[in-house]
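Have a look at the structure below before the remarks.
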Amino acid sequence: MKRIEREVSGGCQCGAVRYHASVMLDNSHLCHCRMCQKASGSIFAALVAAPDDALTWTRGKPSVWRSSELVERGFCANCGTPLFFHHLENGRTNLMIGSLDDPNAFPPLANTCTENMVTWFETITGLENTGATETNGADWAAAIKVSNNQHPDHDTASWAVRGRDGAGVEGAEHLSAGA
């Protein structure tokens, strides 16, 4: 795999866990294995790797679940956002592309583990595009916008983390970078 000298950041939906990578690898892909389907709650996991020595957790720490003897998966314990797939022996962490602040930066280069690809996967590009949320559900989009607890797609010096009930998370009310 080729190393890409590129600074990236990302994190979970609630902002309790953030990361930064100074180098990425050119392995962006869609993994269709059943473990990735279950871990992402989707029909595939969109992944791109950072070398372990180039990845730092800048706010909070992910919770980790070992899905096999060789693999651990990281997620935010507060909001549940899946963050990574880490093979314990290969020196890289595959980050969920959707958790990057700029998911457009790493278009997938391959489909992997296609024995588990859902039968209708190849038809999704032909589906009707119903347009932007603001066009088709303006009232709903406006209501979400004024009550949005989602962390913005950039690093912040501090952030008030909200729990599942919308209230502040005790001890995490004003997380700062490096916490």
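Residues in the structure tokens are named by chain (A, B, ... in the order shown) and by number from 1 within that chain; ligands are numbered from 1 in the order shown.
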**Report entry** Shell around range 107-120 of chain A at 12 Å using only C-alpha atoms, local window under 5 positions removed, as a VMD selection string
**Finding:** chain A and resid 25 to 38 42 to 49 96 to 98 100 102 125 to 127
Mind checking DSSP for range 20-133 of chain A and telling me the helix (DSSP H, G or I) residues as an mmCIF file with all heavy atoms, in the first residue's frame?
```
data_model
loop_
_atom_site.group_PDB
_atom_site.id
_atom_site.type_symbol
_atom_site.label_atom_id
_atom_site.label_comp_id
_atom_site.auth_asym_id
_atom_site.auth_seq_id
_atom_site.Cartn_x
_atom_site.Cartn_y
_atom_site.Cartn_z
ATOM 1 N N ARG A 34 -19.730 -10.127 6.556
ATOM 2 C CA ARG A 34 -20.847 -10.062 7.509
ATOM 3 C C ARG A 34 -20.462 -9.311 8.779
ATOM 4 O O ARG A 34 -21.278 -8.617 9.366
ATOM 5 C CB ARG A 34 -21.335 -11.470 7.882
ATOM 6 C CG ARG A 34 -22.376 -12.027 6.977
ATOM 7 C CD ARG A 34 -23.564 -11.109 6.711
ATOM 8 N NE ARG A 34 -24.582 -11.174 7.752
ATOM 9 C CZ ARG A 34 -25.449 -10.197 8.026
ATOM 10 N NH1 ARG A 34 -25.418 -9.059 7.357
ATOM 11 N NH2 ARG A 34 -26.334 -10.341 8.966
ATOM 12 N N MET A 35 -19.199 -9.431 9.208
ATOM 13 C CA MET A 35 -18.785 -8.691 10.405
ATOM 14 C C MET A 35 -18.879 -7.186 10.166
ATOM 15 O O MET A 35 -19.353 -6.448 11.018
ATOM 16 C CB MET A 35 -17.379 -9.080 10.847
ATOM 17 C CG MET A 35 -17.317 -10.388 11.567
ATOM 18 S SD MET A 35 -15.663 -10.597 12.253
ATOM 19 C CE MET A 35 -15.929 -12.003 13.289
ATOM 20 N N CYS A 36 -18.410 -6.726 9.010
ATOM 21 C CA CYS A 36 -18.493 -5.290 8.706
ATOM 22 C C CYS A 36 -19.945 -4.849 8.511
ATOM 23 O O CYS A 36 -20.316 -3.738 8.896
ATOM 24 C CB CYS A 36 -17.649 -4.938 7.486
ATOM 25 S SG CYS A 36 -15.887 -4.787 7.860
ATOM 26 N N GLN A 37 -20.758 -5.709 7.914
ATOM 27 C CA GLN A 37 -22.175 -5.367 7.777
ATOM 28 C C GLN A 37 -22.815 -5.168 9.150
ATOM 29 O O GLN A 37 -23.519 -4.184 9.386
ATOM 30 C CB GLN A 37 -22.918 -6.455 6.994
ATOM 31 C CG GLN A 37 -22.568 -6.476 5.521
ATOM 32 C CD GLN A 37 -23.184 -7.668 4.796
ATOM 33 O OE1 GLN A 37 -23.666 -8.629 5.408
ATOM 34 N NE2 GLN A 37 -23.150 -7.605 3.474
ATOM 35 N N LYS A 38 -22.560 -6.090 10.053
ATOM 36 C CA LYS A 38 -23.128 -5.982 11.405
ATOM 37 C C LYS A 38 -22.544 -4.791 12.162
ATOM 38 O O LYS A 38 -23.256 -4.047 12.822
ATOM 39 C CB LYS A 38 -22.858 -7.265 12.197
ATOM 40 C CG LYS A 38 -23.621 -8.462 11.699
ATOM 41 C CD LYS A 38 -25.011 -8.441 12.236
ATOM 42 C CE LYS A 38 -25.689 -9.775 12.003
ATOM 43 N NZ LYS A 38 -26.969 -9.835 12.676
ATOM 44 N N ALA A 39 -21.208 -4.598 12.083
ATOM 45 C CA ALA A 39 -20.549 -3.522 12.833
ATOM 46 C C ALA A 39 -20.981 -2.145 12.362
ATOM 47 O O ALA A 39 -21.061 -1.210 13.158
ATOM 48 C CB ALA A 39 -19.033 -3.660 12.721
ATOM 49 N N SER A 40 -21.274 -2.012 11.061
ATOM 50 C CA SER A 40 -21.671 -0.709 10.534
ATOM 51 C C SER A 40 -23.183 -0.521 10.524
ATOM 52 O O SER A 40 -23.666 0.599 10.394
ATOM 53 C CB SER A 40 -21.135 -0.537 9.105
ATOM 54 O OG SER A 40 -21.770 -1.437 8.214
ATOM 55 N N ASP A 52 -0.872 2.908 12.162
ATOM 56 C CA ASP A 52 -1.093 3.103 13.597
ATOM 57 C C ASP A 52 -0.215 4.197 14.183
ATOM 58 O O ASP A 52 -0.653 4.955 15.048
ATOM 59 C CB ASP A 52 -0.874 1.796 14.359
ATOM 60 C CG ASP A 52 -1.973 0.779 14.094
ATOM 61 O OD1 ASP A 52 -3.050 1.155 13.590
ATOM 62 O OD2 ASP A 52 -1.740 -0.411 14.396
ATOM 63 N N ASP A 53 1.026 4.328 13.682
ATOM 64 C CA ASP A 53 1.925 5.338 14.233
ATOM 65 C C ASP A 53 1.605 6.754 13.763
ATOM 66 O O ASP A 53 2.189 7.717 14.236
ATOM 67 C CB ASP A 53 3.383 4.997 13.932
ATOM 68 C CG ASP A 53 3.707 4.929 12.441
ATOM 69 O OD1 ASP A 53 2.826 5.183 11.593
ATOM 70 O OD2 ASP A 53 4.873 4.618 12.130
ATOM 71 N N ALA A 54 0.644 6.899 12.848
ATOM 72 C CA ALA A 54 0.243 8.219 12.357
ATOM 73 C C ALA A 54 -1.130 8.639 12.870
ATOM 74 O O ALA A 54 -1.624 9.705 12.528
ATOM 75 C CB ALA A 54 0.244 8.230 10.828
ATOM 76 N N ILE A 97 -14.968 5.583 6.612
ATOM 77 C CA ILE A 97 -14.903 6.778 5.779
ATOM 78 C C ILE A 97 -15.966 7.792 6.193
ATOM 79 O O ILE A 97 -15.724 8.994 6.190
ATOM 80 C CB ILE A 97 -14.994 6.417 4.281
ATOM 81 C CG1 ILE A 97 -13.713 5.672 3.860
ATOM 82 C CG2 ILE A 97 -15.204 7.657 3.424
ATOM 83 C CD1 ILE A 97 -13.726 5.147 2.428
ATOM 84 N N GLY A 98 -17.128 7.327 6.604
ATOM 85 C CA GLY A 98 -18.194 8.231 7.033
ATOM 86 C C GLY A 98 -17.868 8.995 8.305
ATOM 87 O O GLY A 98 -18.500 10.010 8.595
ATOM 88 N N SER A 99 -16.871 8.535 9.075
ATOM 89 C CA SER A 99 -16.491 9.255 10.302
ATOM 90 C C SER A 99 -15.457 10.338 10.034
ATOM 91 O O SER A 99 -15.156 11.134 10.916
ATOM 92 C CB SER A 99 -15.957 8.275 11.362
ATOM 93 O OG SER A 99 -14.655 7.809 11.042
ATOM 94 N N PRO A 103 -15.480 12.969 4.072
ATOM 95 C CA PRO A 103 -15.580 11.629 3.504
ATOM 96 C C PRO A 103 -15.403 11.603 1.985
ATOM 97 O O PRO A 103 -15.107 10.553 1.419
ATOM 98 C CB PRO A 103 -16.979 11.162 3.912
ATOM 99 C CG PRO A 103 -17.722 12.389 4.259
ATOM 100 C CD PRO A 103 -16.726 13.416 4.691
ATOM 101 N N ASN A 104 -15.530 12.745 1.322
ATOM 102 C CA ASN A 104 -15.321 12.800 -0.123
ATOM 103 C C ASN A 104 -13.856 12.604 -0.510
ATOM 104 O O ASN A 104 -13.541 12.342 -1.670
ATOM 105 C CB ASN A 104 -15.806 14.142 -0.692
ATOM 106 C CG ASN A 104 -17.304 14.234 -0.674
ATOM 107 O OD1 ASN A 104 -17.999 13.374 -1.208
ATOM 108 N ND2 ASN A 104 -17.818 15.272 -0.045
ATOM 109 N N ALA A 105 -12.946 12.738 0.449
ATOM 110 C CA ALA A 105 -11.510 12.675 0.167
ATOM 111 C C ALA A 105 -11.031 11.280 -0.218
ATOM 112 O O ALA A 105 -9.963 11.147 -0.807
ATOM 113 C CB ALA A 105 -10.722 13.167 1.383
ATOM 114 N N THR A 114 -16.682 -9.924 -1.251
ATOM 115 C CA THR A 114 -17.922 -9.830 -2.024
ATOM 116 C C THR A 114 -18.799 -11.076 -1.951
ATOM 117 O O THR A 114 -19.925 -11.051 -2.435
ATOM 118 C CB THR A 114 -17.613 -9.490 -3.494
ATOM 119 O OG1 THR A 114 -16.730 -10.489 -4.022
ATOM 120 C CG2 THR A 114 -16.979 -8.117 -3.619
ATOM 121 N N GLU A 115 -18.303 -12.135 -1.310
ATOM 122 C CA GLU A 115 -19.162 -13.310 -1.139
ATOM 123 C C GLU A 115 -20.392 -12.991 -0.286
ATOM 124 O O GLU A 115 -21.395 -13.688 -0.340
ATOM 125 C CB GLU A 115 -18.381 -14.491 -0.530
ATOM 126 C CG GLU A 115 -17.973 -14.318 0.917
ATOM 127 C CD GLU A 115 -16.695 -13.499 1.134
ATOM 128 O OE1 GLU A 115 -16.132 -12.969 0.163
ATOM 129 O OE2 GLU A 115 -16.271 -13.396 2.295
ATOM 130 N N ASN A 116 -20.325 -11.909 0.477
ATOM 131 C CA ASN A 116 -21.451 -11.496 1.318
ATOM 132 C C ASN A 116 -22.167 -10.257 0.788
ATOM 133 O O ASN A 116 -23.034 -9.711 1.455
ATOM 134 C CB ASN A 116 -20.947 -11.218 2.736
ATOM 135 C CG ASN A 116 -20.455 -12.479 3.397
ATOM 136 O OD1 ASN A 116 -21.217 -13.393 3.626
ATOM 137 N ND2 ASN A 116 -19.153 -12.530 3.671
ATOM 138 N N PHE A 121 -26.896 -4.884 -4.406
ATOM 139 C CA PHE A 121 -25.890 -3.831 -4.281
ATOM 140 C C PHE A 121 -25.627 -3.104 -5.596
ATOM 141 O O PHE A 121 -25.570 -1.880 -5.648
ATOM 142 C CB PHE A 121 -24.577 -4.396 -3.724
ATOM 143 C CG PHE A 121 -23.453 -3.404 -3.736
ATOM 144 C CD1 PHE A 121 -23.420 -2.376 -2.803
ATOM 145 C CD2 PHE A 121 -22.449 -3.466 -4.683
ATOM 146 C CE1 PHE A 121 -22.396 -1.441 -2.803
ATOM 147 C CE2 PHE A 121 -21.418 -2.539 -4.693
ATOM 148 C CZ PHE A 121 -21.393 -1.520 -3.753
ATOM 149 N N GLU A 122 -25.443 -3.842 -6.661
ATOM 150 C CA GLU A 122 -25.075 -3.220 -7.932
ATOM 151 C C GLU A 122 -26.195 -2.400 -8.557
ATOM 152 O O GLU A 122 -25.972 -1.686 -9.529
ATOM 153 C CB GLU A 122 -24.547 -4.278 -8.889
ATOM 154 C CG GLU A 122 -23.225 -4.845 -8.387
ATOM 155 C CD GLU A 122 -22.610 -5.870 -9.312
ATOM 156 O OE1 GLU A 122 -23.095 -6.040 -10.436
ATOM 157 O OE2 GLU A 122 -21.617 -6.491 -8.894
ATOM 158 N N THR A 123 -27.387 -2.442 -7.988
ATOM 159 C CA THR A 123 -28.500 -1.662 -8.535
ATOM 160 C C THR A 123 -28.636 -0.280 -7.879
ATOM 161 O O THR A 123 -29.404 0.541 -8.362
ATOM 162 C CB THR A 123 -29.832 -2.407 -8.357
ATOM 163 O OG1 THR A 123 -30.173 -2.462 -6.956
ATOM 164 C CG2 THR A 123 -29.767 -3.821 -8.938
ATOM 165 N N ILE A 124 -27.884 -0.023 -6.810
ATOM 166 C CA ILE A 124 -28.149 1.208 -6.051
ATOM 167 C C ILE A 124 -27.812 2.485 -6.813
ATOM 168 O O ILE A 124 -28.432 3.519 -6.576
ATOM 169 C CB ILE A 124 -27.475 1.207 -4.663
ATOM 170 C CG1 ILE A 124 -25.966 1.108 -4.752
ATOM 171 C CG2 ILE A 124 -28.047 0.104 -3.791
ATOM 172 C CD1 ILE A 124 -25.255 1.187 -3.405
ATOM 173 N N THR A 125 -26.860 2.441 -7.729
ATOM 174 C CA THR A 125 -26.547 3.664 -8.474
ATOM 175 C C THR A 125 -27.670 4.046 -9.431
ATOM 176 O O THR A 125 -27.736 5.193 -9.873
ATOM 177 C CB THR A 125 -25.225 3.534 -9.250
ATOM 178 O OG1 THR A 125 -25.317 2.425 -10.138
ATOM 179 C CG2 THR A 125 -24.050 3.358 -8.300
ATOM 180 N N GLY A 126 -28.549 3.132 -9.743
ATOM 181 C CA GLY A 126 -29.661 3.420 -10.632
ATOM 182 C C GLY A 126 -30.927 3.873 -9.921
ATOM 183 O O GLY A 126 -31.940 4.149 -10.565
ATOM 184 N N THR A 133 -32.571 17.057 1.278
ATOM 185 C CA THR A 133 -33.558 17.040 2.354
ATOM 186 C C THR A 133 -34.322 18.351 2.411
ATOM 187 O O THR A 133 -35.540 18.379 2.582
ATOM 188 C CB THR A 133 -32.862 16.791 3.708
ATOM 189 O OG1 THR A 133 -32.120 15.584 3.604
ATOM 190 C CG2 THR A 133 -33.867 16.694 4.839
#
```
Requested in this report: Rank A:Arg92, A:Lys145, A:Arg162, A:His20 by their smallest atom-to-atom distance to Thr56 in chain A, using only C-alpha atoms, and report the top residue only.
Outcome: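 Among the listed residues, A:His20 lies closest to Thr56 in chain A.
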Report summary line: Between A:Val23, A:Val71, A:Cys12, A:Val17, smallest distance to Arg59 in chain A by only C-alpha atoms belongs to A:Val17
Query raised in the report: Among range 42-125 of chain A, which ones does DSSP place in strand (DSSP E), written as a ChimeraX atom specification?
Result: /A:45-51,55-59,63-66,71-75,82-87,92-96,110-112
